[in-house]
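For reference, the structure is listed below as structure tokens.
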Amino acid sequence: MADLTTRVSDRLEPVFARLRRTASDPVKSTRTAVVIGRLLGAAFTICFLTGVFSHILQDYPYWITAPRPVSIYRITQGAHVISGIASIPLLLAKLWTVFPRLFEWPPFRSVAGILERLSIAVLITASLVEVAIGLLNIFQVYVFPFPFRQTHFALGWVVFGSLAIHIAVKLPLIARYWRSGPRDRPQAGTVISRRGFVGVVGVSVGAVTLTTAGQTIDALKPFDVLAPRKQNIGPQGLPVNKTAMQAGVIAQAKSPAWELEVVVDGVSHHLDLDALRALPQTTADLPIACVEGWSQSAQWRGVRMRDLLEAVGAPAASDLRVRSLQRSGVTSRMEMPAAYSADPLTLVALELNGDVLDIDHGYPARIIAPGRPGALQTKWLATIEVVR
Ligand SMILES: Nc1nc2c(c(=O)[nH]1)N[C@H]1C(S)=C(S)[C@@H](COP(=O)(O)O)O[C@H]1N2
Ligand SMILES: [Mo]
């Protein structure tokens, strides 16, 4: 048995040696792996932290006590998607750099070695799936047979955990190659120098960032040719996530019989548009910041949630359950904790950028609150229920 293993191994060694030489290139040095790895590690860390924050806002909104600055989610989710897109060329470059190591023979020398290679396999697979489904989500492609948000979140922990193991294992190498040294000088006969390679990667990262970040950074708007959303394009100069047609609400939303139902202690109060317009009106500049990474600020006008609640005899600080005319889907209902309902900037908006709300932006009335993910800014309001 031992004899057989030795014979197989002896046969395979030269094959792998040849593969290794073919895939090798002086550019694929440990120093390059460390340089690219640092940038990739930074991008993944930003993605992970902003991702956890996004899930807290959506799943544990009661933890949030003061939603300030009002554009907090615009900043964190913009950073999430920008660093996620930037990590794609970095990840590909990193894989290309370490590619020859796949053909090391024997593949491992100890139990620790097996574990290390397994953790790298997990890291690579999870990272590739994570950035791929994230990218598809930005383009609103929901083709996978699993819930995107939960899967993306779970995989995020897997990526971050296996990254931590990988960094711990490689710490001595990372420390040794952190600074450049004489061994990094270009060697005779190299097609491209290490610095040249890192430069190409840098230009790629810059290019994908420049052509997509304009969907959330105003100053980069002119260069936004690849992002799925463009600022200032859409009814009333604001992009639309889902139209009234897609949500199937046109007839009900346009009906003259529409009324907002506010339920307090089991008693329903009905307010039609005239009744809402008769309440004090407030203007607020607040962004729509979609989880998919596009965002834009707009001017909203309508009734403060706290004023509406007081008008029907409920405390300004109330936990609310909000429902849309839309029947199904995660965005058809929403929970709003008291920290938001009491906020002077949280509105039941009736107007956008100086005009009556467009049907696609939620006419006759929608929610706009500071610092919340776009998915929680419910359009085509039907019911607001005071839970406590
Ligand atoms: N009822 C309802 N409200 C909704 C949605 C929806 O599909 N249905 N989409 C949400 C999402 S994901 C975002 S980003 C914002 C976008 O608002 P806008 O289409 O007015 O720009 O609305 C939110 N409110
Ligand atoms: Mo969204």
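How things are named: the first chain in the structure tokens is A, the next is B, and so on; residues count from 1 in each chain; ligands count from 1 in the order shown.
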
Practice task
May I have all residues of range 270-384 of chain A that DSSP, computed from the backbone, assigns to alpha helix (DSSP H), given as a PyMOL selection string?
Solution key: chain A and resi 273-278+305-311+338-341

Output N, CA and C atoms for every residue in the selection just made, as a PDB file, in the first residue's frame.
ATOM      1  N   LEU A 273     -56.844  62.243   1.548  1.00  0.00           N
ATOM      2  CA  LEU A 273     -55.762  63.148   1.183  1.00  0.00           C
ATOM      3  C   LEU A 273     -56.001  64.559   1.695  1.00  0.00           C
ATOM      4  N   ASP A 274     -57.266  65.022   1.624  1.00  0.00           N
ATOM      5  CA  ASP A 274     -57.568  66.375   2.109  1.00  0.00           C
ATOM      6  C   ASP A 274     -57.292  66.492   3.606  1.00  0.00           C
ATOM      7  N   ALA A 275     -57.643  65.436   4.340  1.00  0.00           N
ATOM      8  CA  ALA A 275     -57.397  65.456   5.789  1.00  0.00           C
ATOM      9  C   ALA A 275     -55.894  65.493   6.076  1.00  0.00           C
ATOM     10  N   LEU A 276     -55.115  64.748   5.310  1.00  0.00           N
ATOM     11  CA  LEU A 276     -53.658  64.758   5.506  1.00  0.00           C
ATOM     12  C   LEU A 276     -53.081  66.122   5.140  1.00  0.00           C
ATOM     13  N   ARG A 277     -53.617  66.717   4.070  1.00  0.00           N
ATOM     14  CA  ARG A 277     -53.102  68.024   3.644  1.00  0.00           C
ATOM     15  C   ARG A 277     -53.493  69.114   4.626  1.00  0.00           C
ATOM     16  N   ALA A 278     -54.555  68.877   5.406  1.00  0.00           N
ATOM     17  CA  ALA A 278     -55.011  69.886   6.368  1.00  0.00           C
ATOM     18  C   ALA A 278     -54.136  69.895   7.625  1.00  0.00           C
ATOM     19  N   MET A 305     -44.644  62.213  11.066  1.00  0.00           N
ATOM     20  CA  MET A 305     -45.268  61.045  11.679  1.00  0.00           C
ATOM     21  C   MET A 305     -45.744  61.383  13.094  1.00  0.00           C
ATOM     22  N   ARG A 306     -44.939  62.127  13.845  1.00  0.00           N
ATOM     23  CA  ARG A 306     -45.307  62.436  15.238  1.00  0.00           C
ATOM     24  C   ARG A 306     -46.548  63.321  15.286  1.00  0.00           C
ATOM     25  N   ASP A 307     -46.679  64.248  14.305  1.00  0.00           N
ATOM     26  CA  ASP A 307     -47.875  65.096  14.250  1.00  0.00           C
ATOM     27  C   ASP A 307     -49.109  64.259  13.921  1.00  0.00           C
ATOM     28  N   LEU A 308     -48.935  63.312  12.993  1.00  0.00           N
ATOM     29  CA  LEU A 308     -50.059  62.444  12.615  1.00  0.00           C
ATOM     30  C   LEU A 308     -50.501  61.615  13.819  1.00  0.00           C
ATOM     31  N   LEU A 309     -49.507  61.063  14.549  1.00  0.00           N
ATOM     32  CA  LEU A 309     -49.835  60.224  15.699  1.00  0.00           C
ATOM     33  C   LEU A 309     -50.560  61.038  16.774  1.00  0.00           C
ATOM     34  N   GLU A 310     -50.065  62.264  17.010  1.00  0.00           N
ATOM     35  CA  GLU A 310     -50.714  63.096  18.026  1.00  0.00           C
ATOM     36  C   GLU A 310     -52.130  63.474  17.597  1.00  0.00           C
ATOM     37  N   ALA A 311     -52.331  63.652  16.279  1.00  0.00           N
ATOM     38  CA  ALA A 311     -53.666  64.009  15.774  1.00  0.00           C
ATOM     39  C   ALA A 311     -54.694  62.909  16.032  1.00  0.00           C
ATOM     40  N   ALA A 338     -40.070  53.304  17.737  1.00  0.00           N
ATOM     41  CA  ALA A 338     -40.375  54.643  18.253  1.00  0.00           C
ATOM     42  C   ALA A 338     -39.282  55.669  17.970  1.00  0.00           C
ATOM     43  N   ALA A 339     -38.006  55.217  17.909  1.00  0.00           N
ATOM     44  CA  ALA A 339     -36.910  56.164  17.654  1.00  0.00           C
ATOM     45  C   ALA A 339     -37.121  56.879  16.315  1.00  0.00           C
ATOM     46  N   TYR A 340     -37.746  56.198  15.376  1.00  0.00           N
ATOM     47  CA  TYR A 340     -38.009  56.821  14.077  1.00  0.00           C
ATOM     48  C   TYR A 340     -39.338  57.570  14.071  1.00  0.00           C
ATOM     49  N   SER A 341     -40.372  57.001  14.697  1.00  0.00           N
ATOM     50  CA  SER A 341     -41.693  57.648  14.637  1.00  0.00           C
ATOM     51  C   SER A 341     -41.658  59.011  15.322  1.00  0.00           C
TER      52      SER A 341
END

Sort by chain and increasing residue number a table of all residues of range 108-165 of chain A within 12 Å of range 239-248 of chain A, each with its closest pair of atoms and their distance in Å to one decimal, counting only C-alpha atoms, and write it as JSON lines.
{"residue": "A:Ile138", "atom": "CA", "partner": "A:Asn241", "partner_atom": "CA", "distance": 11.5}
{"residue": "A:Phe139", "atom": "CA", "partner": "A:Asn241", "partner_atom": "CA", "distance": 11.3}
{"residue": "A:Gln140", "atom": "CA", "partner": "A:Asn241", "partner_atom": "CA", "distance": 9.6}

Exercise for the section: Show me which residues sit within 9 Å of ligand 2 when counting only C-alpha atoms and all ligand atoms, and put them as a VMD selection string. Expected result: chain A and resid 241 to 242 288 to 294 331 373 to 377

Handout entry: Selected residue, from A:Ile88, A:Leu135, A:Leu260, A:Val386, that lies nearest to Pro337 in chain A when counting only C-alpha atoms
Key =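 The shortest atom-to-atom distance to Pro337 in chain A comes from A:Val386.
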
For range 133-192 of chain A against range 32-47 of chain A, with a cut-off of 10 Å and counting only C-alpha atoms, what is the closest atom pair and its distance in Å to one decimal for every residue that makes the cut, ordered by chain and number, as a tab-separated table?
residue	atom	partner	partner_atom	distance
A:Gly156	CA	A:Cys47	CA	8.6
A:Val159	CA	A:Phe44	CA	8.5
A:Phe160	CA	A:Phe44	CA	7.6
A:Leu163	CA	A:Gly41	CA	8.0
A:Ala164	CA	A:Gly41	CA	9.6
A:Ile167	CA	A:Gly41	CA	9.1
A:Lys170	CA	A:Val34	CA	9.6
A:Leu173	CA	A:Val34	CA	8.2
A:Ile174	CA	A:Val34	CA	6.0
A:Ala175	CA	A:Val34	CA	9.1
A:Arg176	CA	A:Val34	CA	9.5
A:Tyr177	CA	A:Val34	CA	6.6
A:Trp178	CA	A:Val34	CA	6.7
A:Arg179	CA	A:Val35	CA	9.0
A:Ser180	CA	A:Val35	CA	9.3
A:Asp184	CA	A:Thr32	CA	9.1

Output N, CA and C atoms of each residue in that selection to a file, as a short mmCIF file (atom, residue, chain, number, x, y, z; two decimals), in the first residue's frame.
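See out29.cif below for the written result:
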data_model
loop_
_atom_site.label_atom_id
_atom_site.label_comp_id
_atom_site.auth_asym_id
_atom_site.auth_seq_id
_atom_site.Cartn_x
_atom_site.Cartn_y
_atom_site.Cartn_z
N GLY A 156 -21.09 35.97 4.23
CA GLY A 156 -20.20 37.04 4.68
C GLY A 156 -19.41 36.61 5.90
N VAL A 159 -16.81 34.00 4.80
CA VAL A 159 -15.66 34.65 4.15
C VAL A 159 -14.78 35.30 5.21
N PHE A 160 -15.41 36.06 6.11
CA PHE A 160 -14.62 36.81 7.08
C PHE A 160 -13.90 35.87 8.05
N LEU A 163 -11.10 34.13 6.22
CA LEU A 163 -10.06 35.14 5.96
C LEU A 163 -9.20 35.35 7.21
N ALA A 164 -9.86 35.37 8.37
CA ALA A 164 -9.11 35.54 9.63
C ALA A 164 -8.14 34.37 9.83
N ILE A 167 -5.23 34.73 7.34
CA ILE A 167 -4.28 35.77 7.74
C ILE A 167 -3.42 35.28 8.91
N LYS A 170 -0.81 32.88 7.63
CA LYS A 170 0.20 33.52 6.77
C LYS A 170 0.92 34.69 7.45
N LEU A 173 4.67 35.26 6.84
CA LEU A 173 4.96 35.68 5.47
C LEU A 173 4.53 37.12 5.24
N ILE A 174 3.32 37.43 5.73
CA ILE A 174 2.79 38.79 5.53
C ILE A 174 3.74 39.80 6.16
N ALA A 175 4.22 39.49 7.38
CA ALA A 175 5.13 40.42 8.07
C ALA A 175 6.43 40.56 7.28
N ARG A 176 6.94 39.42 6.75
CA ARG A 176 8.22 39.45 6.05
C ARG A 176 8.12 40.25 4.75
N TYR A 177 6.99 40.16 4.08
CA TYR A 177 6.87 40.80 2.77
C TYR A 177 6.04 42.09 2.81
N TRP A 178 5.77 42.59 4.01
CA TRP A 178 4.93 43.78 4.13
C TRP A 178 5.58 44.97 3.42
N ARG A 179 6.90 45.15 3.67
CA ARG A 179 7.64 46.23 2.98
C ARG A 179 8.36 45.64 1.78
N SER A 180 8.56 46.49 0.77
CA SER A 180 9.28 46.00 -0.41
C SER A 180 10.76 45.91 -0.09
N ASP A 184 12.54 42.48 -4.86
CA ASP A 184 11.43 42.86 -5.73
C ASP A 184 11.88 43.50 -7.03
#

Handout entry: All residues 10 Å or closer to Pro69 in chain A, only C-alpha atoms, same chain fewer than 6 positions away omitted, as a count of residues only
Key = 3

Handout entry: Straight-line distance linking CA of Val122 in chain A with CA of Glu104 in chain A, stated in Å to one decimal
Key =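 Here the two named atoms are 18.1 Å from each other.
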
Exercise for the section: Determine which residues of range 171-302 of chain A DSSP labels as strand (DSSP E) from the backbone of this structure, then write them out as a ChimeraX atom specification. Expected result: /A:260-264,267-271,282-289,295-302

Practice task
Mind giving me the straight-line distance from CA of Thr212 in chain A to CA of Gln231 in chain A in Å, one decimal?
Solution key: 11.3 Å

Practice task
Find the residues around Asp224 in chain A up to 10 Å (only C-alpha atoms counted), leave out those fewer than 2 positions away in its own chain, and share them as a VMD selection string.
Solution key: chain A and resid 208 to 217 220 to 222 226 to 231
